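Working notes, structure below.
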Amino acid sequence: MPVEYFFPKAFYYKDDLISNEANERLVEAAHLLKQEVPLSTRTNLYTTYGSVPDIFARSEFGILHSALINEIGQYLDILETRPGNKYAISDSWISISSPGNYERMHTHDGSYISGVYYIRTAPGCGDLSFEELSDNLWASSRTRPENFNTVRYTPKDRRLILFNSKVPHSVSQNLSSNERIALSFNIIIV
C-alpha cells in the first residue's frame with residue numbers, strides 16, 4: 001500500500017554566521033543594552049529579560065542584520081515563497097536568559113517566519129524545542145526523522161535558526177551557570 005507524506009515543515013540553520021570578533025561586539029552591545037533598559041520591555045516573556053522591540057534600528061547590530069538578509073532570502077527560496085514577494089523584519093529583540101530561566105510553549109502569530117541567532121551560549125543553557133501539537137501518534141515508535149513530532153536544537157554560539165512562525169516552540173530551562181544571550185526576530189511578507 002503506498003504511503004504519501006504531506007505538510008512538511010522546513011527548519012533552517014546555519015552555524016558561524018558572523019566572525020567571532022563581530023559576535024563578541026554583540027555580546028558587549030547586549031550587556032550595554034541591559035544597562036540602558038534594565039527592565040524587560042516584552043510582556044510575553046515569562047522569565048527572560050527582553051529588550052527594545054526593534055534591535056536592528058541600533059547600529060551595533062548592523063553586521064548581524066546584513067548577514068541575516070542573505071540567509072532569510074535563501075530560506076524563503078527553500079520554502080518556495082512566490083517570486084516577487086518582499087519581506088521585512090517586523091520586530092527583533094535581545095533575550096538574556098539567566099540560570100533557571102525558560103520559555104513556555106508559544107507561537108509567533110502574525111508573522112511568516114521567525115528566527116533566533118545565538119550570541120552567547122553555554123552547555124545546558126536550554127534547548128529550543130518544536131512540537132507538532134496536532135499529531136495524535138504519540139504512542140508510535142518512530143525511527144524516521146520526517147515522522148517525528150518534535151525537533152530539538154541545542155544552542156550554539158553564532159548559530160542561526162529560521163522556522164515557520166506558527167510551529168509551537170519552547171526553550172527548556174537554563175541549567176548552566178551562565179547567561180544565554182539570543183537575538184530573536186519575526187519576518188512578515190509585505
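Starting from 1 in every chain, residues are counted up; chains themselves are A, B, ... following the order of the C-alpha cells, and ligands are numbered from 1 as listed.
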
Go through segment 95-179 of chain A residue by residue and, counting only C-alpha atoms, keep those with an atom at most 10 Å from segment 24-43 of chain A; for each kept residue give the shortest atom pair and its distance in Å to one decimal, ordered by chain and increasing number, as a tab-separated table.
residue	atom	partner	partner_atom	distance
A:Ser95	CA	A:Ala30	CA	8.7
A:Ile96	CA	A:Ala30	CA	8.2
A:Ile119	CA	A:Val27	CA	6.4
A:Arg120	CA	A:Val27	CA	6.9
A:Arg158	CA	A:Glu24	CA	10.0

For Tyr153 of chain A, which residue out of A:Leu133, A:Gly126, A:Glu179, A:Pro168 is the nearest one, using only C-alpha atoms?
->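 Residue with the minimum atom-to-atom distance to Tyr153 of chain A: A:Gly126.
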
From chain A, collect each residue whose DSSP state is strand (DSSP E) and return the set as a compact mmCIF listing (two decimals) with C-alpha atoms, in the first residue's frame.
# COMPACT_ATOMS: atom_id res chain seq x y z
CA TYR A 12 16.87 26.13 8.56
CA TYR A 13 20.05 26.62 10.49
CA LYS A 14 23.48 27.99 9.80
CA TYR A 49 14.91 39.70 30.07
CA GLY A 50 13.78 41.09 26.71
CA TYR A 87 9.69 40.65 3.23
CA ALA A 88 10.56 42.73 6.24
CA ILE A 89 11.77 42.06 9.74
CA SER A 90 8.77 43.28 11.72
CA ASP A 91 10.32 43.13 15.18
CA SER A 92 13.53 41.98 16.82
CA TRP A 93 14.73 41.78 20.40
CA ILE A 94 17.52 40.56 22.65
CA SER A 95 16.73 37.90 25.24
CA ILE A 96 19.10 37.34 28.13
CA SER A 97 18.23 34.12 29.91
CA GLU A 103 10.26 29.92 27.84
CA ARG A 104 6.90 28.16 27.73
CA MET A 105 5.38 26.79 24.53
CA HIS A 106 4.24 29.60 22.22
CA ILE A 113 8.79 33.08 9.63
CA SER A 114 10.71 33.64 12.84
CA GLY A 115 14.32 33.26 13.77
CA VAL A 116 16.83 33.23 16.56
CA TYR A 117 20.54 33.97 16.50
CA TYR A 118 22.54 32.73 19.48
CA ILE A 119 25.05 35.33 20.61
CA ARG A 120 26.31 33.62 23.79
CA LEU A 128 14.95 25.19 21.51
CA SER A 129 12.18 22.62 21.01
CA PHE A 130 9.46 22.50 18.37
CA GLU A 131 6.41 20.29 18.58
CA THR A 150 9.28 17.00 18.00
CA VAL A 151 12.51 18.64 16.88
CA ARG A 152 15.16 19.99 19.22
CA TYR A 153 18.10 22.32 18.55
CA LEU A 160 21.04 30.98 13.30
CA ILE A 161 17.75 29.06 13.23
CA LEU A 162 14.80 30.04 10.99
CA PHE A 163 11.37 28.40 11.24
CA ASN A 164 7.66 28.68 10.47
CA HIS A 169 8.10 26.05 20.34
CA SER A 170 9.63 26.41 23.78
CA VAL A 171 13.03 26.81 25.39
CA ARG A 180 22.26 32.65 27.31
CA ILE A 181 22.06 35.69 25.02
CA ALA A 182 19.93 35.42 21.90
CA LEU A 183 18.56 37.81 19.31
CA SER A 184 15.12 36.82 18.06
CA PHE A 185 13.08 38.28 15.22
CA ASN A 186 9.92 37.90 13.16
CA ILE A 187 9.52 38.30 9.41
CA ILE A 188 6.40 39.32 7.52
CA ILE A 189 5.60 39.29 3.83

How far is it from atom CA of Ser172 of chain A to atom CA of Tyr102 of chain A, in Å with one decimal?
->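 Interatomic distance, atom CA of Ser172 of chain A to atom CA of Tyr102 of chain A: 5.3 Å.
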
The residue from A:Pro8, A:Gly100, A:Pro155, A:Pro2 with the smallest atom-to-atom distance to Ile78 of chain A, counting only C-alpha atoms, is A:Pro8

Residue neighbourhood Pro123 of chain A, 8 Å, only C-alpha atoms, exclusion window fewer than 2 positions, as a VMD selection string | chain A and resid 121 125 176

Would you mind exporting N, CA and C atoms of the selected residues as a compact mmCIF listing (two decimals), in the first residue's frame?
# COMPACT_ATOMS: atom_id res chain seq x y z
N THR A 121 26.17 31.30 24.43
CA THR A 121 25.53 30.11 24.97
C THR A 121 26.49 29.41 25.93
N CYS A 125 22.31 25.37 28.53
CA CYS A 125 21.63 26.66 28.71
C CYS A 125 20.20 26.69 28.17
N SER A 176 22.59 25.83 33.03
CA SER A 176 24.00 26.19 33.16
C SER A 176 24.15 27.25 34.24

Per DSSP on the backbone, what are the helix (DSSP H, G or I) residues of segment 4-187 of chain A, as a PyMOL selection string?
-> chain A and resi 20-36+55-57+59-78+145-147

Could the residues in this selection be saved with N, CA and C atoms as a tab-separated table (two decimals), in the first residue's frame?
chain	number	residue	atom	x	y	z
A	20	ASN	N	33.88	35.53	15.02
A	20	ASN	CA	33.96	35.56	16.48
A	20	ASN	C	34.10	36.99	16.99
A	21	GLU	N	34.92	37.79	16.32
A	21	GLU	CA	35.15	39.17	16.76
A	21	GLU	C	33.85	39.98	16.69
A	22	ALA	N	33.13	39.86	15.58
A	22	ALA	CA	31.86	40.58	15.44
A	22	ALA	C	30.85	40.10	16.47
A	23	ASN	N	30.86	38.80	16.74
A	23	ASN	CA	29.94	38.25	17.72
A	23	ASN	C	30.25	38.77	19.13
A	24	GLU	N	31.53	38.91	19.46
A	24	GLU	CA	31.91	39.45	20.77
A	24	GLU	C	31.42	40.88	20.93
A	25	ARG	N	31.41	41.64	19.84
A	25	ARG	CA	30.87	43.00	19.91
A	25	ARG	C	29.36	42.97	20.20
A	26	LEU	N	28.67	41.94	19.71
A	26	LEU	CA	27.23	41.80	20.01
A	26	LEU	C	27.01	41.47	21.49
A	27	VAL	N	27.91	40.66	22.06
A	27	VAL	CA	27.82	40.35	23.50
A	27	VAL	C	27.91	41.65	24.29
A	28	GLU	N	28.90	42.46	23.96
A	28	GLU	CA	29.06	43.75	24.65
A	28	GLU	C	27.85	44.64	24.44
A	29	ALA	N	27.33	44.70	23.22
A	29	ALA	CA	26.16	45.55	22.92
A	29	ALA	C	24.94	45.08	23.70
A	30	ALA	N	24.77	43.76	23.85
A	30	ALA	CA	23.63	43.23	24.61
A	30	ALA	C	23.73	43.62	26.08
A	31	HIS	N	24.92	43.53	26.65
A	31	HIS	CA	25.09	43.92	28.06
A	31	HIS	C	24.90	45.42	28.25
A	32	LEU	N	25.36	46.22	27.32
A	32	LEU	CA	25.14	47.67	27.40
A	32	LEU	C	23.65	48.00	27.29
A	33	LEU	N	22.96	47.28	26.43
A	33	LEU	CA	21.52	47.48	26.27
A	33	LEU	C	20.78	47.17	27.57
A	34	LYS	N	21.19	46.10	28.25
A	34	LYS	CA	20.53	45.75	29.51
A	34	LYS	C	20.79	46.82	30.58
A	35	GLN	N	21.96	47.45	30.54
A	35	GLN	CA	22.22	48.56	31.47
A	35	GLN	C	21.34	49.77	31.11
A	36	GLU	N	21.18	50.01	29.83
A	36	GLU	CA	20.38	51.15	29.36
A	36	GLU	C	18.89	50.94	29.65
A	55	ILE	N	15.58	45.88	17.59
A	55	ILE	CA	17.01	45.87	17.88
A	55	ILE	C	17.85	46.24	16.67
A	56	PHE	N	17.33	45.97	15.46
A	56	PHE	CA	18.11	46.28	14.26
A	56	PHE	C	18.11	47.77	13.92
A	57	ALA	N	17.35	48.56	14.65
A	57	ALA	CA	17.43	50.01	14.48
A	57	ALA	C	18.71	50.55	15.12
A	59	SER	N	22.72	50.63	15.51
A	59	SER	CA	23.84	50.39	14.61
A	59	SER	C	24.73	49.23	15.07
A	60	GLU	N	24.80	48.97	16.37
A	60	GLU	CA	25.66	47.89	16.87
A	60	GLU	C	25.29	46.53	16.30
A	61	PHE	N	24.05	46.39	15.86
A	61	PHE	CA	23.57	45.10	15.37
A	61	PHE	C	23.50	45.06	13.85
A	62	GLY	N	24.07	46.07	13.18
A	62	GLY	CA	24.03	46.16	11.72
A	62	GLY	C	24.72	45.02	11.01
A	63	ILE	N	25.86	44.56	11.54
A	63	ILE	CA	26.59	43.47	10.88
A	63	ILE	C	25.77	42.18	10.89
A	64	LEU	N	25.06	41.94	11.98
A	64	LEU	CA	24.21	40.75	12.04
A	64	LEU	C	23.03	40.91	11.09
A	65	HIS	N	22.44	42.09	11.05
A	65	HIS	CA	21.30	42.33	10.15
A	65	HIS	C	21.70	42.03	8.71
A	66	SER	N	22.86	42.51	8.29
A	66	SER	CA	23.33	42.27	6.92
A	66	SER	C	23.49	40.78	6.65
A	67	ALA	N	24.05	40.05	7.59
A	67	ALA	CA	24.25	38.61	7.42
A	67	ALA	C	22.91	37.88	7.36
A	68	LEU	N	21.94	38.34	8.13
A	68	LEU	CA	20.63	37.68	8.16
A	68	LEU	C	19.88	37.82	6.85
A	69	ILE	N	19.99	38.96	6.21
A	69	ILE	CA	19.23	39.23	4.99
A	69	ILE	C	19.48	38.13	3.95
A	70	ASN	N	20.73	37.76	3.74
A	70	ASN	CA	21.05	36.71	2.79
A	70	ASN	C	20.44	35.37	3.20
A	71	GLU	N	20.57	35.02	4.46
A	71	GLU	CA	20.05	33.72	4.93
A	71	GLU	C	18.53	33.66	4.85
A	72	ILE	N	17.89	34.76	5.19
A	72	ILE	CA	16.41	34.80	5.10
A	72	ILE	C	15.98	34.59	3.66
A	73	GLY	N	16.66	35.24	2.72
A	73	GLY	CA	16.33	35.07	1.30
A	73	GLY	C	16.48	33.62	0.86
A	74	GLN	N	17.54	32.95	1.32
A	74	GLN	CA	17.74	31.54	0.97
A	74	GLN	C	16.63	30.67	1.54
A	75	TYR	N	16.24	30.95	2.79
A	75	TYR	CA	15.17	30.17	3.42
A	75	TYR	C	13.85	30.37	2.67
A	76	LEU	N	13.55	31.60	2.28
A	76	LEU	CA	12.31	31.85	1.54
A	76	LEU	C	12.33	31.12	0.20
A	77	ASP	N	13.49	31.01	-0.44
A	77	ASP	CA	13.59	30.23	-1.67
A	77	ASP	C	13.31	28.76	-1.41
A	78	ILE	N	13.84	28.22	-0.33
A	78	ILE	CA	13.60	26.82	0.03
A	78	ILE	C	12.11	26.58	0.26
A	145	PRO	N	13.19	10.46	10.87
A	145	PRO	CA	13.08	11.85	11.32
A	145	PRO	C	11.87	12.59	10.75
A	146	GLU	N	11.50	12.33	9.51
A	146	GLU	CA	10.36	13.04	8.92
A	146	GLU	C	9.04	12.68	9.61
A	147	ASN	N	9.04	11.64	10.43
A	147	ASN	CA	7.84	11.25	11.17
A	147	ASN	C	7.84	11.75	12.61

Atom CA of Ser177 of chain A and atom CA of Thr107 of chain A, how far apart in Å?
-> 27.6 Å
